[in-house]
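Data first, discussion second: the structure below is written as structure tokens.
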Amino acid sequence: AGGGGAGDGVDEGAHIGRTVTSGGAGGSGSTPATRIKSPPPGSVLVYSTGRSLESFTALIEHKAKVMATPDALVCAVGTKIYRRAPFPPGGARDPCDPPDATQVWTEDREWTAHLDQDWNFHAVLEAAAAAVAAAGSDNAHFRPEEEFTAHKITLGVKDAFVAQVTEAVRARCGASALRVKIIASGVGGWQYLDVVSAQAGKLESLERVRSDYGVPVDRTVACGDSGNDTLMLSGRNRAIVVGNAQPALMQWARREMAKEGGGRLYISQEREARGILEGLDKFGFFL
């Protein structure tokens with residue numbers, strides 16, 4: 001979620017920060033890649049990821065030389081929101097300062113409690129187990145428990161069985177008056193199937209953070225490359241799909257571009273972080 005003036009921030013789904021803070025080898029002049037080093041006061045940077053807080057903060061530490069420090073993290077496909085203390089931000093923090101692995105991340109517990117509506121972890125787990133059993137262990141399985149949260153259960157499912165498992169989980173949950181959102185992503189013959197509270201998701205969490213920081217919708221840009229970014233990219237905010245996006249997301253983006261005419265959504269030619277910079281430049285955030 002971005003905020004407060006030209007150049008406002010980014011909510012990036014994956015492949016975060018390889019070149020976000022540098023112009024690349026041999027770069028020169030005032031390119032978008034170098035101009036992002038001087039974001040305007042009031043900008044807000046948010047990373048949205050399927051990872052847990054622990055996994056993501058380890059990534060931040062590992063990528064410290066090239067990865068801008070976020071103001072907030074949306075983790076576990078929108079089931080957890082954390083803010084970098086202090087909140088609201090004060091002073092003139094430079095988002096491109098190296099991340100501090102010891103910094104404090106404060107969970108938005110109101111958001112977490114909000115996800116309890118129409119959700120029961122154990123009942124959803126039973127519904128998922130029944131769906132996995134029906135598909136067979138060669139075709140579906142639970143991901144490791146460390147990938148779960150109180151409002152997220154993750155399965156690994158073969159492409160050919162995604163529709164079957166999705167429908168089975170949704171039907172069983174519906175019969176118990178539970179409302180879930182099921183998000184598929186991945187390539188290579190298998191997909192991650194995230195079963196989350198109906199209140200959760202990357203778009204919903206983006207809206208929460210955007211509202212908390214007082215950022216107008218037209219100054220908010222979401223960027224992604226994965227199938228689990230689709231909902232986040234389909235909101236009212238501007239959106240960038242980078243050039244290395246998964247095929248399913250790229251197909252969706254091209255259909256949306258054809259319908260919308262390209263004013264809100266942009267497909268970059270460049271890959272990964274350079275694709276984000278290309279899109280931000282296209283939207284005029286570097287003027």
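Scheme for the structure tokens: letters A, B, ... for chains in order shown; per-chain residue numbers from 1; ligand numbers from 1 in order shown.
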When you look at Phe56 of chain A with a cut-off of 10 Å (counting only C-alpha atoms), what residues show up, excluding the ones that are within fewer than 6 positions of it in the same chain? I need them as a CSV table (one decimal) with C-alpha atoms, in the first residue's frame.
```csv
chain,number,residue,atom,x,y,z
A,47,TYR,CA,5.2,-6.3,1.5
A,48,SER,CA,2.5,-8.9,1.1
A,49,THR,CA,3.5,-12.6,1.1
A,50,GLY,CA,2.4,-16.1,1.6
A,62,HIS,CA,19.2,-12.1,3.9
A,73,LEU,CA,4.1,-6.8,6.5
A,74,VAL,CA,1.1,-8.7,5.3
A,75,CYS,CA,1.9,-12.4,5.9
A,76,ALA,CA,0.3,-15.8,5.3
```
DSSP strand (DSSP E or B) selection over segment 50-166 of chain A, as a list in words = Ala72, Leu73, Val74, Cys75, Lys80, Ile81, Tyr82, Arg83, Arg84, Trp105, Thr106, Glu107, Ala140, His141, Phe142, Thr149, Lys152, Ile153, Thr154, Leu155, Gly156, Val157 and Lys158 of chain A
I need the chosen residues saved as a short mmCIF file (atom, residue, chain, number, x, y, z; two decimals), in the first residue's frame, with C-alpha atoms.
```cif
data_model
loop_
_atom_site.label_atom_id
_atom_site.label_comp_id
_atom_site.auth_asym_id
_atom_site.auth_seq_id
_atom_site.Cartn_x
_atom_site.Cartn_y
_atom_site.Cartn_z
CA ALA A 72 4.19 -3.13 7.34
CA LEU A 73 4.07 -6.80 6.46
CA VAL A 74 1.05 -8.75 5.29
CA CYS A 75 1.87 -12.41 5.87
CA LYS A 80 -1.65 -11.75 9.47
CA ILE A 81 -0.78 -8.06 9.45
CA TYR A 82 2.28 -6.66 11.24
CA ARG A 83 3.46 -3.10 11.56
CA ARG A 84 7.00 -1.99 12.09
CA TRP A 105 6.92 -6.15 14.41
CA THR A 106 3.57 -5.58 16.10
CA GLU A 107 0.64 -7.79 15.10
CA ALA A 140 -3.20 -34.03 -2.62
CA HIS A 141 -1.63 -33.56 0.80
CA PHE A 142 -1.33 -31.12 3.66
CA THR A 149 -2.00 -19.95 10.85
CA LYS A 152 -5.07 -20.48 7.06
CA ILE A 153 -4.68 -24.14 6.06
CA THR A 154 -2.48 -24.97 3.08
CA LEU A 155 -2.65 -27.99 0.81
CA GLY A 156 -0.50 -29.17 -2.07
CA VAL A 157 -2.71 -30.39 -4.93
CA LYS A 158 -2.00 -31.67 -8.43
#
```
request  = Considering only C-alpha atoms, state which residue in the set A:Leu277, A:Val221, A:Ile183, A:Ala58 is at the smallest distance from Arg236 of chain A.
outcome  =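 Ranking A:Leu277, A:Val221, A:Ile183, A:Ala58 by distance to Arg236 of chain A, first place goes to A:Val221.
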ask   = Can you tell me, as a PyMOL selection string, what residues are no more than 12 Å from Glu167 of chain A when counting only C-alpha atoms, ignoring any on the same chain fewer than 4 positions away?
value = chain A and resi 127-128+130-132+134-135+161-163+171-174+180-182+193+195
Residues just named, written with N, CA and C atoms as a PDB file, in the first residue's frame:
```pdb
ATOM      1  N   ALA A 127     -12.734 -30.646   6.981  1.00  0.00           N
ATOM      2  CA  ALA A 127     -13.220 -30.562   5.604  1.00  0.00           C
ATOM      3  C   ALA A 127     -12.081 -30.751   4.612  1.00  0.00           C
ATOM      4  N   ALA A 128     -10.932 -30.138   4.899  1.00  0.00           N
ATOM      5  CA  ALA A 128      -9.772 -30.285   4.022  1.00  0.00           C
ATOM      6  C   ALA A 128      -9.255 -31.717   4.031  1.00  0.00           C
ATOM      7  N   ALA A 130     -10.983 -34.442   4.532  1.00  0.00           N
ATOM      8  CA  ALA A 130     -11.896 -35.269   3.747  1.00  0.00           C
ATOM      9  C   ALA A 130     -11.646 -35.083   2.255  1.00  0.00           C
ATOM     10  N   ALA A 131     -11.386 -33.855   1.832  1.00  0.00           N
ATOM     11  CA  ALA A 131     -11.123 -33.577   0.419  1.00  0.00           C
ATOM     12  C   ALA A 131      -9.819 -34.217  -0.042  1.00  0.00           C
ATOM     13  N   VAL A 132      -8.791 -34.166   0.814  1.00  0.00           N
ATOM     14  CA  VAL A 132      -7.509 -34.794   0.491  1.00  0.00           C
ATOM     15  C   VAL A 132      -7.673 -36.306   0.381  1.00  0.00           C
ATOM     16  N   ALA A 134     -10.353 -37.971  -0.407  1.00  0.00           N
ATOM     17  CA  ALA A 134     -11.113 -38.303  -1.607  1.00  0.00           C
ATOM     18  C   ALA A 134     -10.252 -38.209  -2.862  1.00  0.00           C
ATOM     19  N   ALA A 135      -9.325 -37.253  -2.883  1.00  0.00           N
ATOM     20  CA  ALA A 135      -8.440 -37.106  -4.044  1.00  0.00           C
ATOM     21  C   ALA A 135      -7.343 -38.156  -4.067  1.00  0.00           C
ATOM     22  N   PHE A 161      -6.508 -31.965  -9.965  1.00  0.00           N
ATOM     23  CA  PHE A 161      -7.413 -32.202  -8.840  1.00  0.00           C
ATOM     24  C   PHE A 161      -7.767 -30.924  -8.090  1.00  0.00           C
ATOM     25  N   VAL A 162      -7.263 -29.783  -8.553  1.00  0.00           N
ATOM     26  CA  VAL A 162      -7.521 -28.524  -7.852  1.00  0.00           C
ATOM     27  C   VAL A 162      -9.014 -28.220  -7.789  1.00  0.00           C
ATOM     28  N   ALA A 163      -9.713 -28.340  -8.901  1.00  0.00           N
ATOM     29  CA  ALA A 163     -11.142 -28.034  -8.923  1.00  0.00           C
ATOM     30  C   ALA A 163     -11.918 -28.976  -8.007  1.00  0.00           C
ATOM     31  N   ALA A 171     -17.918 -27.128  -0.271  1.00  0.00           N
ATOM     32  CA  ALA A 171     -19.227 -27.729  -0.003  1.00  0.00           C
ATOM     33  C   ALA A 171     -19.344 -28.187   1.442  1.00  0.00           C
ATOM     34  N   ARG A 172     -18.293 -28.821   1.947  1.00  0.00           N
ATOM     35  CA  ARG A 172     -18.348 -29.324   3.321  1.00  0.00           C
ATOM     36  C   ARG A 172     -18.385 -28.169   4.319  1.00  0.00           C
ATOM     37  N   CYS A 173     -17.614 -27.125   4.057  1.00  0.00           N
ATOM     38  CA  CYS A 173     -17.635 -25.962   4.943  1.00  0.00           C
ATOM     39  C   CYS A 173     -18.996 -25.277   4.886  1.00  0.00           C
ATOM     40  N   GLY A 174     -19.545 -25.151   3.684  1.00  0.00           N
ATOM     41  CA  GLY A 174     -20.839 -24.519   3.538  1.00  0.00           C
ATOM     42  C   GLY A 174     -21.927 -25.253   4.292  1.00  0.00           C
ATOM     43  N   VAL A 180     -15.390 -19.800   3.630  1.00  0.00           N
ATOM     44  CA  VAL A 180     -13.956 -19.827   3.393  1.00  0.00           C
ATOM     45  C   VAL A 180     -13.647 -19.226   2.031  1.00  0.00           C
ATOM     46  N   LYS A 181     -12.411 -18.820   1.901  1.00  0.00           N
ATOM     47  CA  LYS A 181     -11.872 -18.380   0.623  1.00  0.00           C
ATOM     48  C   LYS A 181     -10.760 -19.359   0.261  1.00  0.00           C
ATOM     49  N   ILE A 182     -10.746 -19.832  -0.984  1.00  0.00           N
ATOM     50  CA  ILE A 182      -9.754 -20.821  -1.406  1.00  0.00           C
ATOM     51  C   ILE A 182      -8.940 -20.217  -2.548  1.00  0.00           C
ATOM     52  N   LEU A 193      -2.873 -24.688  -2.384  1.00  0.00           N
ATOM     53  CA  LEU A 193      -4.274 -24.354  -2.186  1.00  0.00           C
ATOM     54  C   LEU A 193      -4.404 -23.830  -0.761  1.00  0.00           C
ATOM     55  N   VAL A 195      -6.586 -22.374   2.110  1.00  0.00           N
ATOM     56  CA  VAL A 195      -7.963 -22.264   2.591  1.00  0.00           C
ATOM     57  C   VAL A 195      -7.927 -21.285   3.761  1.00  0.00           C
TER      58      VAL A 195
END
```
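The environment of Leu265 of chain A within 7 Å, counting only C-alpha atoms and disregarding residues fewer than 6 places along the same chain, consists of Arg238, Ala239, Ile240 and Met257 of chain A.
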Put those residues in a file: all heavy atoms, as a PDB file, in the first residue's frame.
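In the end it all went to selection.pdb:
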```pdb
ATOM      1  N   ARG A 238      -4.550   0.817  -8.241  1.00  0.00           N
ATOM      2  CA  ARG A 238      -3.749   0.515  -9.430  1.00  0.00           C
ATOM      3  C   ARG A 238      -2.984  -0.787  -9.201  1.00  0.00           C
ATOM      4  O   ARG A 238      -2.729  -1.175  -8.055  1.00  0.00           O
ATOM      5  CB  ARG A 238      -2.793   1.657  -9.731  1.00  0.00           C
ATOM      6  CG  ARG A 238      -3.503   2.970 -10.032  1.00  0.00           C
ATOM      7  CD  ARG A 238      -2.524   4.044 -10.417  1.00  0.00           C
ATOM      8  NE  ARG A 238      -3.182   5.331 -10.519  1.00  0.00           N
ATOM      9  CZ  ARG A 238      -2.592   6.429 -11.009  1.00  0.00           C
ATOM     10  NH1 ARG A 238      -1.338   6.370 -11.437  1.00  0.00           N
ATOM     11  NH2 ARG A 238      -3.256   7.569 -11.069  1.00  0.00           N
ATOM     12  N   ALA A 239      -2.597  -1.421 -10.306  1.00  0.00           N
ATOM     13  CA  ALA A 239      -1.971  -2.734 -10.179  1.00  0.00           C
ATOM     14  C   ALA A 239      -0.927  -2.931 -11.272  1.00  0.00           C
ATOM     15  O   ALA A 239      -1.095  -2.465 -12.404  1.00  0.00           O
ATOM     16  CB  ALA A 239      -3.027  -3.833 -10.260  1.00  0.00           C
ATOM     17  N   ILE A 240       0.136  -3.647 -10.906  1.00  0.00           N
ATOM     18  CA  ILE A 240       1.220  -3.978 -11.836  1.00  0.00           C
ATOM     19  C   ILE A 240       1.436  -5.481 -11.802  1.00  0.00           C
ATOM     20  O   ILE A 240       1.615  -6.067 -10.725  1.00  0.00           O
ATOM     21  CB  ILE A 240       2.531  -3.265 -11.450  1.00  0.00           C
ATOM     22  CG1 ILE A 240       2.357  -1.745 -11.497  1.00  0.00           C
ATOM     23  CG2 ILE A 240       3.674  -3.714 -12.367  1.00  0.00           C
ATOM     24  CD1 ILE A 240       3.520  -0.978 -10.853  1.00  0.00           C
ATOM     25  N   MET A 257      -6.965  -6.397 -18.872  1.00  0.00           N
ATOM     26  CA  MET A 257      -6.523  -5.255 -19.680  1.00  0.00           C
ATOM     27  C   MET A 257      -7.471  -5.031 -20.848  1.00  0.00           C
ATOM     28  O   MET A 257      -7.810  -3.892 -21.186  1.00  0.00           O
ATOM     29  CB  MET A 257      -5.107  -5.500 -20.188  1.00  0.00           C
ATOM     30  CG  MET A 257      -4.028  -5.410 -19.127  1.00  0.00           C
ATOM     31  SD  MET A 257      -3.470  -3.718 -18.832  1.00  0.00           S
ATOM     32  CE  MET A 257      -2.514  -3.420 -20.324  1.00  0.00           C
TER      33      MET A 257
END
```
task = Grab the atom CA of Arg210 of chain A to atom CA of Gln269 of chain A distance for me, in Å with one decimal place.
result =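 For atom CA of Arg210 of chain A relative to atom CA of Gln269 of chain A, the distance reads 27.2 Å.
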task = Going by DSSP on the backbone, which bits of segment 99-276 of chain A are alpha helix (DSSP H)? Write them as a ChimeraX atom specification, please.
result = /A:109-114,121-135,162-175,202-212,230-233,247-260,272-276
ask   = Residues at most 12 Å from Tyr266 of chain A, counting only C-alpha atoms, excluding those fewer than 3 positions away in the same chain, as a count of residues only?
value = 35
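Comparing the minimum interatomic distances between Arg170 of chain A and each of A:Asp138, A:Glu54, A:Glu126, A:Glu204, counting only C-alpha atoms, we find that A:Glu126 sits nearest.
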task = Grab the atom CA of His122 of chain A to atom CA of Gln191 of chain A distance for me, in Å with one decimal place.
result =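 Atom CA of Gln191 of chain A lies 22.7 Å from atom CA of His122 of chain A.
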ask   = Counting only C-alpha atoms, which of A:Ser185, A:Thr79, A:Ser52, A:Ser197 gets nearest to Leu249 of chain A?
value = A:Ser185
request  = Between A:Gln246, A:Gln251, A:Gln117, A:Thr220, single out the one closest to Ala200 of chain A, counting only C-alpha atoms.
outcome  =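 Of the candidates, the smallest distance to Ala200 of chain A is held by A:Gln117.
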request  = Just give me the gap between atom CA of Ala175 of chain A and atom CA of Val196 of chain A in Å, one decimal is fine.
outcome  =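 Interatomic distance here is 16.6 Å.
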